[in-house]
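Here's the structure we're looking at; comments come further down.
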Amino acid sequence: MKRIGVFICHCGSNIAATVDCAKVAEAASTFPGVIYSADYKYMCSEPGQEFIKDAIKRYDLNAIVVASCTPRMHEPTFRKTLASGGLNPYMFEMTNLREQCSWVHADIAKATEKAIDLVKMSAAKVNRNEALYSTTIPVHKKALVIGAGIAGMQAALDIADAGHQVVLVDREPTIGGKMPMLDKTFPTMDCSACISTPKMVEAAQHPNIELMAYSEVVEVDGFIGNFTVKIRQKAKYVDHHKCTGCGLCETKCPQKVPNEYDLGLGTRACIYKPFAQAVPNKPVIDPQNCRKLVSGKCGLCAKICPTGAVNYEDTEAYITDTFGAIVMATGYDLYKWEEVYGEYGYGKFADVVTALHFERMVNASGPTSGKIKRPSDGKEPKSVVFIKCVGSREPAKAKRYCSRACCMYTAKHAHQVLDKIPDANVYVFYMDVRTPGKGYDEFYEATLKDGAYYLRGRVSKIYQEGDKLIVKGEDSLSGKQVQVAADMVVLATAMVPSAGSRELAQTVGFLPDLDGWYQEAHPKLRPVETPTAGVFLAGACQGPKDIPDTVAQAGAAAAKVCGLLSKSHLETNPMTAKSNPSVCSGCGMCIPVCPYKAIQLTSFADRDHHGNRIIRNIASVNSGLCQGCGACTVTCRPGAIDLQGFKNDQILEEVDALWR
């Protein structure tokens, strides 16, 4: 029997408001094995932790129960308290009296009764707990950053500046993401390209960064400190070692196709750089549209290339490398409003565009050289309607969340129209105006003073009448229906996870949330970490963000990576699954249910019932990959897998305690 100490936390009034903590402590003193029991206002505070350590010494305690808030928040705190008090950190149980009792009950008597039962269960389990010990694993001092937008570049630069090697991977022919596509950035209205393109050059030229554009991660194995990653380098059909980036091939290519970088507003050659300031500043060939690759004809670019860099026989290549940490910075895409919002004229009206179309239109390096023109006829619009929340905050139709940046970039766009076309009329249909950043509300107020008309209400229909787009909606503040004859309509579409991000998350070894955004380990205490140790989040892959928040989170992820790579070895979490080879049948049912790819079948030397030596397959758990979720334990039909710290006999002891 263990010598157990029980400590009940008031958590200020979070627990004490609906649970009689003193009564729970008194009841706990009667439980089997409990030597000492007490309550305290803030058990996680320094005095509270010292209180526990003092009790360990005074009463010779060798097992501890702390009844307070969620273990997800403070279990590591109290484990460290036990370690500094001379106990094994895993001779500990934490009872969640806040989320699972006080916050969900109003009746003090019933909540107190439930709290007593919860503590009784924990005391019974800790009596069965066993000392667990961490092992160490080596750390490979190299980081992988997936996605080279502003978040990926910032994270890579911060890690590289700390002296660590970084591989920066992006699936596009150029790094930079969407930021170079923008014209100005709010609220300072400084040039987006002036900020992002020097950052692109810095990332490409940094001695500690290996740039791998036009590449994709296809396989990830291993665990924190030791990720083995396979990267596919797409065929460029241009030897970048020979190419000087002169651009002669681009000017002579006879085949023109819509330019995806300009969202179809302009055209490009089939051998191309996405934009003039691209990094690497060397072209690739579009194999889907190149005449030579499709039909075997043309080949003009190879004939005129002065360095012989064009290679139509180029093929994709694969490289494998080992990394200590991975940063996910895969960014965002825009919601495909045209698939849902038929009332906005999908496929009918060329002058209904997205905010990103508008960015390319107003950008000096865009298809219209910075002049705002109607896509249908190239004329300057005198009446522009902006519609916010297209796809955002629409749980029944599209996305339930707010995309955060839309209010501000719409205010910026309204300001730009009024600046470039002084006699224009600008109308903004909105649900709410959200301006939470530094200087944001002042910027919005300035847009109103510029002359933008804000109409609080939804747009119900857009239709063509002559060369005008008739926008019908409401102004809920005046209670009147509104009809605007517009030359152009700009939609602030929702931000959504980038294409393929869900599959990439599964490849790396974690799961996104219900909306497809990458899930952080804890929204408050671990906002840039994932449930998979060694994998970190940066930027809009975790949720909609503007540029300042993106850069800030990239720096936070980089700091976490630097902290990890600064160590030569890491302690592992001993609360992992463990397979009993004498019971395992080798069925392999546990392998597909493991979200961390921690289980595989391995050969095991055994003997049959006649005593003959045989080789059979059994499940083997990689403790470096296992995160202790327990999915395998409930899947295992013969009951061969148990979870350290949550063994079957320990859980059953908790259940039995309720009936004693």
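Each chain of the structure tokens is named A, B, ... in the order shown, its residues numbered from 1; ligands are numbered from 1 in display order.
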| field | Residues flagged alpha helix (DSSP H) by DSSP in stretch 60-206 of chain A, as an MDAnalysis selection string | value | chainID A and resid 71:84 108:126 150:161 192:205
| field | stretch 354-360 of chain A environment, 6 Å, only C-alpha atoms, sequence neighbours closer than 3 positions dropped, as a PyMOL selection string | value | chain A and resi 182-183+262+363+366+490-492
Residues of the last selection are to be written out with C-alpha atoms, as an mmCIF file, in the first residue's frame.
data_model
loop_
_atom_site.group_PDB
_atom_site.id
_atom_site.type_symbol
_atom_site.label_atom_id
_atom_site.label_comp_id
_atom_site.auth_asym_id
_atom_site.auth_seq_id
_atom_site.Cartn_x
_atom_site.Cartn_y
_atom_site.Cartn_z
ATOM 1 C CA LEU A 182 -0.519 41.881 -52.970
ATOM 2 C CA ASP A 183 -0.090 45.579 -53.723
ATOM 3 C CA ASP A 262 -2.554 36.762 -62.096
ATOM 4 C CA ASN A 363 -0.601 45.979 -58.284
ATOM 5 C CA GLY A 366 0.091 43.080 -62.289
ATOM 6 C CA VAL A 490 -15.293 42.567 -55.481
ATOM 7 C CA LEU A 491 -15.893 39.622 -53.140
ATOM 8 C CA ALA A 492 -14.013 39.183 -49.859
#
Residues of stretch 520-573 of chain A within 9 Å of stretch 151-166 of chain A: nearest atom pair and distance (Å, one decimal) for each, counting only C-alpha atoms, sorted by chain and number, as CSV?
residue,atom,partner,partner_atom,distance
A:Ala538,CA,A:Ala151,CA,5.8
A:Gly539,CA,A:Ala151,CA,5.2
A:Ala540,CA,A:Ala151,CA,8.0
A:Ile547,CA,A:Ala151,CA,8.5
A:Thr550,CA,A:Ala151,CA,5.8
A:Val551,CA,A:Ala151,CA,5.6
A:Ala552,CA,A:Ala151,CA,8.6
A:Gln553,CA,A:Ala151,CA,7.7
A:Ala554,CA,A:Ala155,CA,4.8
A:Gly555,CA,A:Ala155,CA,5.6
A:Ala556,CA,A:Ala155,CA,8.2
A:Ala557,CA,A:Ala155,CA,6.7
A:Ala558,CA,A:Ala155,CA,5.0
A:Ala559,CA,A:Ile159,CA,7.4
A:Val561,CA,A:Ile159,CA,7.2
A:Cys562,CA,A:Ile159,CA,6.1
A:Leu565,CA,A:His164,CA,7.6
A:Ser566,CA,A:His164,CA,8.8
| Residues near A:Gly500, cut-off 10 Å, only C-alpha atoms, skip fewer than 4 positions along chain, as a list of chain:residue names |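 Here the qualifying residues turn out to be A:Thr330, A:Leu504, A:Ala505.
Of the listed residues A:Val583, A:Gly439, A:Lys57, A:Thr18, the one whose atoms come nearest to A:Trp103 is A:Thr18, with distances taken using only C-alpha atoms.
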| query | What's the 10 Å shell around A:Ala131, counting only C-alpha atoms, without same-chain residues fewer than 3 positions away, as a list in words? | reply | Leu87, Asn88, Pro89, Tyr90, Met91, Phe92, Pro574, Gln644 and Gly645 of chain A
| Contacts of stretch 186-202 of chain A within 10 Å, only C-alpha atoms, excl. fewer than 5 positions in-chain, as a count of residues only | 41
| task | Name all residues at most 12 Å from A:Thr228 (count only C-alpha atoms; drop same-chain ones fewer than 6 positions away) and give them as a PyMOL selection string. | result | chain A and resi 140+142-144+217-222+319-326+507-508
Write to file, as a short mmCIF file (atom, residue, chain, number, x, y, z; two decimals), in the first residue's frame, the residues of the selection just made, with all heavy atoms.
data_model
loop_
_atom_site.label_atom_id
_atom_site.label_comp_id
_atom_site.auth_asym_id
_atom_site.auth_seq_id
_atom_site.Cartn_x
_atom_site.Cartn_y
_atom_site.Cartn_z
N HIS A 140 18.83 15.20 -34.40
CA HIS A 140 19.51 15.58 -35.65
C HIS A 140 19.33 17.09 -35.83
O HIS A 140 18.21 17.58 -35.97
CB HIS A 140 18.91 14.82 -36.83
CG HIS A 140 19.73 14.88 -38.06
ND1 HIS A 140 20.76 14.01 -38.33
CD2 HIS A 140 19.70 15.74 -39.11
CE1 HIS A 140 21.32 14.32 -39.48
NE2 HIS A 140 20.69 15.36 -39.98
N LYS A 142 18.94 19.63 -37.69
CA LYS A 142 18.56 20.18 -39.00
C LYS A 142 17.04 20.28 -39.03
O LYS A 142 16.35 19.39 -38.54
CB LYS A 142 19.06 19.26 -40.12
CG LYS A 142 18.99 19.85 -41.52
CD LYS A 142 19.65 18.89 -42.49
CE LYS A 142 19.75 19.48 -43.89
NZ LYS A 142 20.40 18.55 -44.84
N ALA A 143 16.53 21.37 -39.58
CA ALA A 143 15.08 21.60 -39.59
C ALA A 143 14.54 21.60 -41.01
O ALA A 143 15.22 22.03 -41.95
CB ALA A 143 14.74 22.93 -38.92
N LEU A 144 13.32 21.12 -41.14
CA LEU A 144 12.59 21.17 -42.41
C LEU A 144 11.44 22.14 -42.27
O LEU A 144 10.64 22.04 -41.33
CB LEU A 144 12.06 19.78 -42.78
CG LEU A 144 11.12 19.70 -43.98
CD1 LEU A 144 11.84 20.04 -45.28
CD2 LEU A 144 10.47 18.32 -44.08
N VAL A 217 6.86 17.30 -50.23
CA VAL A 217 7.13 16.23 -49.27
C VAL A 217 6.15 15.10 -49.54
O VAL A 217 4.93 15.30 -49.58
CB VAL A 217 6.99 16.75 -47.83
CG1 VAL A 217 7.06 15.59 -46.83
CG2 VAL A 217 8.06 17.78 -47.53
N VAL A 218 6.68 13.89 -49.72
CA VAL A 218 5.81 12.75 -50.05
C VAL A 218 5.79 11.68 -48.97
O VAL A 218 4.82 10.92 -48.87
CB VAL A 218 6.22 12.13 -51.41
CG1 VAL A 218 5.94 13.09 -52.54
CG2 VAL A 218 7.69 11.72 -51.42
N GLU A 219 6.83 11.60 -48.15
CA GLU A 219 6.85 10.59 -47.09
C GLU A 219 7.56 11.16 -45.86
O GLU A 219 8.55 11.88 -46.00
CB GLU A 219 7.58 9.31 -47.52
CG GLU A 219 6.82 8.44 -48.51
CD GLU A 219 7.59 7.16 -48.85
OE1 GLU A 219 8.50 6.79 -48.06
OE2 GLU A 219 7.29 6.56 -49.89
N VAL A 220 7.03 10.84 -44.69
CA VAL A 220 7.67 11.22 -43.43
C VAL A 220 7.61 10.03 -42.48
O VAL A 220 6.54 9.50 -42.21
CB VAL A 220 6.99 12.45 -42.78
CG1 VAL A 220 7.65 12.77 -41.45
CG2 VAL A 220 7.04 13.66 -43.70
N ASP A 221 8.77 9.62 -42.01
CA ASP A 221 8.86 8.56 -41.02
C ASP A 221 9.69 9.07 -39.85
O ASP A 221 10.30 10.14 -39.92
CB ASP A 221 9.51 7.31 -41.61
CG ASP A 221 8.61 6.63 -42.63
OD1 ASP A 221 7.43 6.41 -42.33
OD2 ASP A 221 9.11 6.31 -43.73
N GLY A 222 9.74 8.29 -38.79
CA GLY A 222 10.57 8.66 -37.65
C GLY A 222 9.81 9.44 -36.60
O GLY A 222 8.58 9.42 -36.55
N ILE A 319 14.78 12.86 -53.11
CA ILE A 319 15.88 12.88 -52.15
C ILE A 319 15.32 12.53 -50.77
O ILE A 319 14.15 12.80 -50.48
CB ILE A 319 16.61 14.24 -52.10
CG1 ILE A 319 15.69 15.33 -51.51
CG2 ILE A 319 17.11 14.66 -53.46
CD1 ILE A 319 16.44 16.55 -51.04
N THR A 320 16.14 11.94 -49.94
CA THR A 320 15.75 11.58 -48.58
C THR A 320 16.76 12.20 -47.61
O THR A 320 17.96 12.12 -47.83
CB THR A 320 15.71 10.05 -48.39
OG1 THR A 320 14.77 9.50 -49.33
CG2 THR A 320 15.27 9.70 -46.99
N ASP A 321 16.24 12.83 -46.57
CA ASP A 321 17.10 13.50 -45.59
C ASP A 321 16.51 13.30 -44.20
O ASP A 321 15.35 12.91 -44.05
CB ASP A 321 17.23 14.98 -45.93
CG ASP A 321 18.51 15.60 -45.39
OD1 ASP A 321 19.17 14.96 -44.56
OD2 ASP A 321 18.84 16.72 -45.81
N THR A 322 17.31 13.58 -43.19
CA THR A 322 16.88 13.43 -41.79
C THR A 322 16.84 14.79 -41.11
O THR A 322 17.76 15.60 -41.28
CB THR A 322 17.83 12.50 -41.03
OG1 THR A 322 17.89 11.24 -41.71
CG2 THR A 322 17.33 12.26 -39.61
N PHE A 323 15.77 15.03 -40.34
CA PHE A 323 15.57 16.32 -39.69
C PHE A 323 15.20 16.11 -38.23
O PHE A 323 14.52 15.14 -37.88
CB PHE A 323 14.46 17.11 -40.39
CG PHE A 323 14.70 17.33 -41.86
CD1 PHE A 323 14.20 16.46 -42.80
CD2 PHE A 323 15.46 18.41 -42.29
CE1 PHE A 323 14.43 16.66 -44.15
CE2 PHE A 323 15.70 18.63 -43.63
CZ PHE A 323 15.19 17.75 -44.56
N GLY A 324 15.60 17.07 -37.42
CA GLY A 324 15.24 17.02 -36.01
C GLY A 324 13.88 17.61 -35.72
O GLY A 324 13.22 17.26 -34.74
N ALA A 325 13.43 18.55 -36.57
CA ALA A 325 12.15 19.22 -36.36
C ALA A 325 11.54 19.59 -37.70
O ALA A 325 12.26 19.75 -38.71
CB ALA A 325 12.33 20.48 -35.51
N ILE A 326 10.22 19.73 -37.72
CA ILE A 326 9.49 20.11 -38.94
C ILE A 326 8.59 21.29 -38.62
O ILE A 326 7.88 21.27 -37.61
CB ILE A 326 8.65 18.93 -39.47
CG1 ILE A 326 9.54 17.75 -39.85
CG2 ILE A 326 7.81 19.36 -40.67
CD1 ILE A 326 8.77 16.50 -40.25
N THR A 507 0.43 12.66 -43.82
CA THR A 507 1.76 12.17 -44.18
C THR A 507 2.77 12.46 -43.07
O THR A 507 3.59 11.62 -42.71
CB THR A 507 2.24 12.83 -45.49
OG1 THR A 507 1.34 12.47 -46.55
CG2 THR A 507 3.64 12.39 -45.86
N VAL A 508 2.68 13.68 -42.51
CA VAL A 508 3.62 14.08 -41.46
C VAL A 508 3.30 13.36 -40.15
O VAL A 508 4.20 13.03 -39.38
CB VAL A 508 3.60 15.61 -41.28
CG1 VAL A 508 4.45 16.04 -40.09
CG2 VAL A 508 4.10 16.29 -42.55
#
| Could you pull out the strand (DSSP E or B) residues of stretch 300-480 of chain A from DSSP and send them as number ranges by chain? | A: 310, 317-323, 325-328, 332-334, 352-354, 383-390, 425-430, 453-456, 459-465, 468-475, 480
Those residues you just picked out, can you put them in a file as a PDB file, in the first residue's frame with C-alpha atoms?
ATOM      1  CA  VAL A 310      16.487  23.557 -71.739  1.00  0.00           C
ATOM      2  CA  ALA A 317      13.896  13.224 -58.661  1.00  0.00           C
ATOM      3  CA  TYR A 318      13.619  12.070 -55.065  1.00  0.00           C
ATOM      4  CA  ILE A 319      15.882  12.881 -52.149  1.00  0.00           C
ATOM      5  CA  THR A 320      15.750  11.581 -48.580  1.00  0.00           C
ATOM      6  CA  ASP A 321      17.099  13.498 -45.592  1.00  0.00           C
ATOM      7  CA  THR A 322      16.876  13.432 -41.795  1.00  0.00           C
ATOM      8  CA  PHE A 323      15.567  16.322 -39.694  1.00  0.00           C
ATOM      9  CA  ALA A 325      12.150  19.223 -36.358  1.00  0.00           C
ATOM     10  CA  ILE A 326       9.493  20.108 -38.939  1.00  0.00           C
ATOM     11  CA  VAL A 327       7.696  23.440 -39.347  1.00  0.00           C
ATOM     12  CA  MET A 328       4.374  23.394 -41.206  1.00  0.00           C
ATOM     13  CA  TYR A 332      -4.126  29.181 -47.228  1.00  0.00           C
ATOM     14  CA  ASP A 333      -6.290  29.245 -50.341  1.00  0.00           C
ATOM     15  CA  LEU A 334      -9.451  31.196 -51.091  1.00  0.00           C
ATOM     16  CA  VAL A 352     -17.492  39.931 -60.420  1.00  0.00           C
ATOM     17  CA  VAL A 353     -14.021  39.207 -59.047  1.00  0.00           C
ATOM     18  CA  THR A 354     -12.387  38.172 -55.788  1.00  0.00           C
ATOM     19  CA  SER A 383     -18.947  52.446 -59.158  1.00  0.00           C
ATOM     20  CA  VAL A 384     -17.446  49.544 -57.192  1.00  0.00           C
ATOM     21  CA  VAL A 385     -19.262  47.285 -54.728  1.00  0.00           C
ATOM     22  CA  PHE A 386     -17.361  45.262 -52.124  1.00  0.00           C
ATOM     23  CA  ILE A 387     -19.116  42.327 -50.452  1.00  0.00           C
ATOM     24  CA  LYS A 388     -17.634  40.982 -47.236  1.00  0.00           C
ATOM     25  CA  CYS A 389     -17.975  37.570 -45.557  1.00  0.00           C
ATOM     26  CA  VAL A 390     -18.420  35.627 -48.801  1.00  0.00           C
ATOM     27  CA  ASN A 425     -18.466  55.640 -55.694  1.00  0.00           C
ATOM     28  CA  VAL A 426     -17.544  52.802 -53.335  1.00  0.00           C
ATOM     29  CA  TYR A 427     -20.105  50.670 -51.487  1.00  0.00           C
ATOM     30  CA  VAL A 428     -19.245  48.027 -48.873  1.00  0.00           C
ATOM     31  CA  PHE A 429     -21.854  45.461 -47.831  1.00  0.00           C
ATOM     32  CA  TYR A 430     -20.879  43.998 -44.446  1.00  0.00           C
ATOM     33  CA  TYR A 453     -20.393  53.936 -48.074  1.00  0.00           C
ATOM     34  CA  TYR A 454     -20.753  51.070 -45.593  1.00  0.00           C
ATOM     35  CA  LEU A 455     -24.097  49.227 -45.786  1.00  0.00           C
ATOM     36  CA  ARG A 456     -24.826  46.729 -43.029  1.00  0.00           C
ATOM     37  CA  VAL A 459     -26.509  40.959 -50.847  1.00  0.00           C
ATOM     38  CA  SER A 460     -29.360  38.843 -52.180  1.00  0.00           C
ATOM     39  CA  LYS A 461     -28.783  38.993 -55.920  1.00  0.00           C
ATOM     40  CA  ILE A 462     -26.513  40.320 -58.663  1.00  0.00           C
ATOM     41  CA  TYR A 463     -27.662  40.526 -62.278  1.00  0.00           C
ATOM     42  CA  GLN A 464     -26.608  42.261 -65.474  1.00  0.00           C
ATOM     43  CA  GLU A 465     -28.500  45.200 -66.914  1.00  0.00           C
ATOM     44  CA  LYS A 468     -23.995  47.546 -65.283  1.00  0.00           C
ATOM     45  CA  LEU A 469     -24.161  44.954 -62.519  1.00  0.00           C
ATOM     46  CA  ILE A 470     -27.274  45.471 -60.412  1.00  0.00           C
ATOM     47  CA  VAL A 471     -26.527  44.594 -56.798  1.00  0.00           C
ATOM     48  CA  LYS A 472     -29.610  44.066 -54.635  1.00  0.00           C
ATOM     49  CA  GLY A 473     -29.301  43.871 -50.870  1.00  0.00           C
ATOM     50  CA  GLU A 474     -30.395  45.420 -47.621  1.00  0.00           C
ATOM     51  CA  ASP A 475     -29.295  48.065 -45.181  1.00  0.00           C
ATOM     52  CA  LYS A 480     -34.496  49.604 -46.311  1.00  0.00           C
TER      53      LYS A 480
END
| field | Selection: 12 Å around A:Pro76, only C-alpha atoms, excl. self and same-chain fewer than 3 positions, as a list in words | value | Cys44, Thr70, Pro71, Arg72, Met73, Arg79, Lys80, Thr81, Leu82, Ala83, Pro89, Tyr90, Phe92, Glu93, Met94, Leu525 and Asn573 of chain A
N, CA and C atoms of the current selection, written as a tab-separated table (two decimals), in the first residue's frame:
chain	number	residue	atom	x	y	z
A	44	CYS	N	-1.24	25.37	-7.97
A	44	CYS	CA	-0.22	25.44	-9.02
A	44	CYS	C	0.76	26.59	-8.78
A	70	THR	N	-7.63	20.96	-15.53
A	70	THR	CA	-7.35	19.94	-16.52
A	70	THR	C	-5.89	19.51	-16.51
A	71	PRO	N	-5.60	18.21	-16.58
A	71	PRO	CA	-4.21	17.75	-16.66
A	71	PRO	C	-3.49	18.30	-17.89
A	72	ARG	N	-4.25	18.62	-18.92
A	72	ARG	CA	-3.63	19.15	-20.13
A	72	ARG	C	-2.91	20.46	-19.86
A	73	MET	N	-3.37	21.18	-18.84
A	73	MET	CA	-2.77	22.48	-18.55
A	73	MET	C	-1.61	22.36	-17.56
A	79	ARG	N	4.19	17.22	-12.16
A	79	ARG	CA	5.19	16.16	-12.31
A	79	ARG	C	6.58	16.69	-11.91
A	80	LYS	N	6.86	17.94	-12.34
A	80	LYS	CA	8.14	18.55	-11.96
A	80	LYS	C	8.21	18.78	-10.44
A	81	THR	N	7.06	19.10	-9.85
A	81	THR	CA	7.02	19.29	-8.40
A	81	THR	C	7.39	17.99	-7.68
A	82	LEU	N	6.84	16.87	-8.15
A	82	LEU	CA	7.17	15.58	-7.54
A	82	LEU	C	8.65	15.26	-7.71
A	83	ALA	N	9.17	15.54	-8.92
A	83	ALA	CA	10.58	15.23	-9.19
A	83	ALA	C	11.49	16.03	-8.26
A	89	PRO	N	8.13	11.13	-11.03
A	89	PRO	CA	7.07	12.02	-11.51
A	89	PRO	C	5.78	11.31	-11.90
A	90	TYR	N	5.86	9.98	-12.11
A	90	TYR	CA	4.68	9.25	-12.57
A	90	TYR	C	3.94	8.55	-11.44
A	92	PHE	N	1.85	9.85	-9.67
A	92	PHE	CA	1.02	11.06	-9.57
A	92	PHE	C	-0.26	10.88	-10.36
A	93	GLU	N	-1.34	11.39	-9.82
A	93	GLU	CA	-2.61	11.44	-10.54
A	93	GLU	C	-3.20	12.83	-10.38
A	94	MET	N	-3.82	13.31	-11.44
A	94	MET	CA	-4.44	14.63	-11.41
A	94	MET	C	-5.94	14.48	-11.65
A	525	LEU	N	-1.45	27.41	-24.17
A	525	LEU	CA	-0.10	27.14	-23.68
A	525	LEU	C	0.84	26.56	-24.74
A	573	ASN	N	8.77	10.42	-23.55
A	573	ASN	CA	7.64	10.25	-22.63
A	573	ASN	C	7.43	8.75	-22.39
| request: Measuring atom to atom with only C-alpha atoms, identify which of A:Ala55, A:Ala204, A:Ile304, A:Leu211 is nearest to A:Glu250. | output: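 When distances to A:Glu250 are compared using only C-alpha atoms, the smallest one comes from A:Ile304.
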| said: Using only C-alpha atoms for the distances, tell me which of A:His240, A:Lys252, A:His10, A:Arg616 is nearest to A:Ser585. | reply: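 Looking only at the distances to A:Ser585, the closest residue turns out to be A:Arg616.
Take the candidates A:Gly586, A:Gly245, A:Gly624, A:Pro274 and check each one against A:Arg637 using only C-alpha atoms; the shortest distance goes to A:Gly586.
Atom pair atom CA of A:Pro531 / atom CA of A:Ile224: separated by 11.4 Å.
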| Could you work out how far atom CA of A:Pro581 lies from atom CA of A:Asn612, giving the answer in Å with one decimal? |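 So the answer is 17.0 Å.
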| query | What is the distance between atom CA of A:Cys626 and atom CA of A:Ala598, in Å to one decimal? | reply | 5.3 Å
